[in-house]
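S.K.: Let me begin by handing over the structure; questions about it come next.
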Amino acid sequence: MSLSPARHVFVYGTLRRGEQRDINLLQPAPEWVGQASLPGVLYDLGAYPGILLGGDGLVHGEVYRISPALELQLDEIEEVWPQQTGEYARREAEVRLDPQRPPGAGIEPDAVTCLVYEIASRRTQGKPVIGCGDWVQYRLSRGS
């Protein structure tokens with residue numbers, strides 16, 4: 001597998017700041033870009049969520065600039081490399097950055113192309129949709 005240059009990743013679940021697998025605890029550390037959203041449907045898979053890209057809904061999360069070494073770690077966490085479980089697939093999607101992000105948040109455009117780990121559609125069968133599109137808000141509202 002060849003390493004790509006530094007790029008952006010959109011995290012929407014347990015990799016978000018303060019969550020169980022906070023991306024900020026990994027090394028090399030990512031660079032915070034800002035809050036963001038993209039079209040999709042978010043599903044409750046129990047201990048973590050999964051996104052299906054597209055549709056009328058919005059999924060909320062965070063964007064980080066990551067190094068190739070951190071990208072490999074994320075691939076391992078999401079089990080797309082070296083052991084491919086088929087649960088997630090690597091995708092690229094245009095993500096809308098929150099217009100309220102602080103100055104100097106890393107990049108200035110309103111949108112950026114990000115790596116997104118999309119759940120396999122078969123894994124969403126019979127799973128509840130997270131209507132608000134925000135894993136952290138949803139998790140806190142259910143008291144877990």
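Convention: chains lettered A, B, ... in structure tokens order; per-chain residue numbering from 1; ligands numbered from 1 as shown.
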Within 6 Å of Leu97 (chain A), counting only C-alpha atoms, which residues qualify if same-chain residues fewer than 6 places away don't, as a list in words?

M.R.: Ala36, Asp110 and Ala111 of chain A

S.K.: Just C-alpha atoms for this one: save the residues we selected as an mmCIF file, in the first residue's frame.

M.R.:
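Once written, again.cif looks like this:
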data_model
loop_
_atom_site.group_PDB
_atom_site.id
_atom_site.type_symbol
_atom_site.label_atom_id
_atom_site.label_comp_id
_atom_site.auth_asym_id
_atom_site.auth_seq_id
_atom_site.Cartn_x
_atom_site.Cartn_y
_atom_site.Cartn_z
ATOM 1 C CA ALA A 36 -17.972 20.176 9.545
ATOM 2 C CA ASP A 110 -15.755 26.511 2.877
ATOM 3 C CA ALA A 111 -15.352 22.905 1.743
#

S.K.: From a backbone DSSP assignment, name each residue in region 25-111 of chain A labelled strand (DSSP E or B), as a PyMOL selection string.

M.R.: chain A and resi 31-44+49-66+88-97+111

S.K.: Need to verify the contact set: region 117-125 of chain A, 9 Å, only C-alpha atoms, exclusion of same-chain residues closer than 2 positions in sequence. Can you return it as a PyMOL selection string?

M.R.: chain A and resi 9-11+43-45+49-53+75+78+80+86-92+115+127-129

S.K.: Could you pull out all residues of chain A with a DSSP call of helix (DSSP H, G or I) and give them as an NGL selection string?

M.R.: :A and (23-25 or 68-77 or 121-124 or 135-141)

S.K.: List the neighbours of Leu70 (chain A) out to 12 Å using only C-alpha atoms; skip same-chain residues closer than 3 positions along the sequence, and give me the result as a PyMOL selection string.

M.R.: chain A and resi 3-9+23-31+64-67+73-77

S.K.: Emit the selected residues as a short mmCIF file (atom, residue, chain, number, x, y, z; two decimals), in the first residue's frame, including N, CA, C and O atoms.

M.R.:
data_model
loop_
_atom_site.label_atom_id
_atom_site.label_comp_id
_atom_site.auth_asym_id
_atom_site.auth_seq_id
_atom_site.Cartn_x
_atom_site.Cartn_y
_atom_site.Cartn_z
N LEU A 3 1.77 5.25 0.48
CA LEU A 3 1.32 6.34 1.33
C LEU A 3 1.05 7.57 0.50
O LEU A 3 1.83 7.94 -0.37
N SER A 4 -0.07 8.23 0.79
CA SER A 4 -0.40 9.47 0.10
C SER A 4 0.18 10.65 0.89
O SER A 4 0.55 10.50 2.04
N PRO A 5 0.27 11.82 0.26
CA PRO A 5 0.71 12.99 1.03
C PRO A 5 -0.32 13.33 2.10
O PRO A 5 -1.41 12.78 2.10
N ALA A 6 0.04 14.25 3.00
CA ALA A 6 -0.89 14.65 4.05
C ALA A 6 -2.24 15.01 3.43
O ALA A 6 -2.30 15.60 2.36
N ARG A 7 -3.30 14.64 4.10
CA ARG A 7 -4.64 14.93 3.61
C ARG A 7 -5.57 15.17 4.78
O ARG A 7 -5.15 15.19 5.91
N HIS A 8 -6.85 15.31 4.49
CA HIS A 8 -7.84 15.59 5.53
C HIS A 8 -8.71 14.36 5.76
O HIS A 8 -8.96 13.59 4.83
N VAL A 9 -9.17 14.22 7.00
CA VAL A 9 -10.09 13.15 7.35
C VAL A 9 -11.28 13.77 8.08
O VAL A 9 -11.12 14.72 8.85
N ILE A 23 -9.15 10.89 18.16
CA ILE A 23 -8.06 10.95 17.18
C ILE A 23 -6.89 11.78 17.70
O ILE A 23 -5.75 11.56 17.33
N ASN A 24 -7.16 12.73 18.60
CA ASN A 24 -6.11 13.59 19.13
C ASN A 24 -5.14 12.87 20.04
O ASN A 24 -4.08 13.40 20.37
N LEU A 25 -5.47 11.66 20.46
CA LEU A 25 -4.59 10.87 21.31
C LEU A 25 -3.62 10.01 20.50
O LEU A 25 -2.74 9.39 21.06
N LEU A 26 -3.81 9.97 19.18
CA LEU A 26 -2.95 9.18 18.31
C LEU A 26 -1.70 9.97 17.94
O LEU A 26 -1.68 11.19 18.00
N GLN A 27 -0.66 9.22 17.53
CA GLN A 27 0.59 9.85 17.10
C GLN A 27 0.96 9.32 15.72
O GLN A 27 0.80 8.14 15.48
N PRO A 28 1.44 10.17 14.83
CA PRO A 28 1.65 11.60 15.02
C PRO A 28 0.31 12.33 15.12
O PRO A 28 -0.68 11.93 14.47
N ALA A 29 0.28 13.37 15.94
CA ALA A 29 -0.96 14.09 16.22
C ALA A 29 -1.53 14.73 14.95
O ALA A 29 -0.78 15.23 14.11
N PRO A 30 -2.85 14.70 14.82
CA PRO A 30 -3.48 15.37 13.69
C PRO A 30 -3.54 16.88 13.94
O PRO A 30 -3.34 17.33 15.07
N GLU A 31 -3.83 17.62 12.89
CA GLU A 31 -4.00 19.08 13.01
C GLU A 31 -5.48 19.39 12.87
O GLU A 31 -6.11 19.06 11.86
N TYR A 64 -9.74 16.97 10.32
CA TYR A 64 -8.35 17.07 10.74
C TYR A 64 -7.45 16.87 9.53
O TYR A 64 -7.78 16.10 8.62
N ARG A 65 -6.30 17.54 9.56
CA ARG A 65 -5.24 17.28 8.58
C ARG A 65 -4.39 16.18 9.20
O ARG A 65 -4.01 16.26 10.37
N ILE A 66 -4.13 15.12 8.43
CA ILE A 66 -3.41 13.96 8.97
C ILE A 66 -2.21 13.63 8.09
O ILE A 66 -2.21 13.90 6.89
N SER A 67 -1.23 13.01 8.71
CA SER A 67 -0.04 12.55 8.00
C SER A 67 -0.31 11.16 7.41
O SER A 67 -1.25 10.47 7.83
N GLN A 73 -2.75 4.29 10.57
CA GLN A 73 -3.35 3.90 11.85
C GLN A 73 -4.87 3.91 11.78
O GLN A 73 -5.53 3.01 12.31
N LEU A 74 -5.42 4.92 11.12
CA LEU A 74 -6.88 4.99 10.97
C LEU A 74 -7.39 3.82 10.14
O LEU A 74 -8.44 3.23 10.45
N ASP A 75 -6.65 3.46 9.10
CA ASP A 75 -7.02 2.29 8.28
C ASP A 75 -7.06 1.02 9.14
O ASP A 75 -7.94 0.17 8.97
N GLU A 76 -6.12 0.90 10.06
CA GLU A 76 -6.10 -0.26 10.96
C GLU A 76 -7.28 -0.23 11.92
O GLU A 76 -7.94 -1.24 12.14
N ILE A 77 -7.55 0.94 12.50
CA ILE A 77 -8.68 1.08 13.43
C ILE A 77 -9.99 0.73 12.74
O ILE A 77 -10.83 0.03 13.31
#

S.K.: Between A:Gly13, A:Gly40, A:Gly46, A:Gly18, which one has atoms that come closest to Arg142 (chain A), using only C-alpha atoms?

M.R.: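 Using only C-alpha atoms, Arg142 (chain A) sits closest to A:Gly46.
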
S.K.: Give me the residues within 10 Å of Thr14 (chain A) as an MDAnalysis selection string, counting only C-alpha atoms and dropping any in the same chain fewer than 4 places off.

M.R.: chainID A and resid 18:23 47:49 135:136
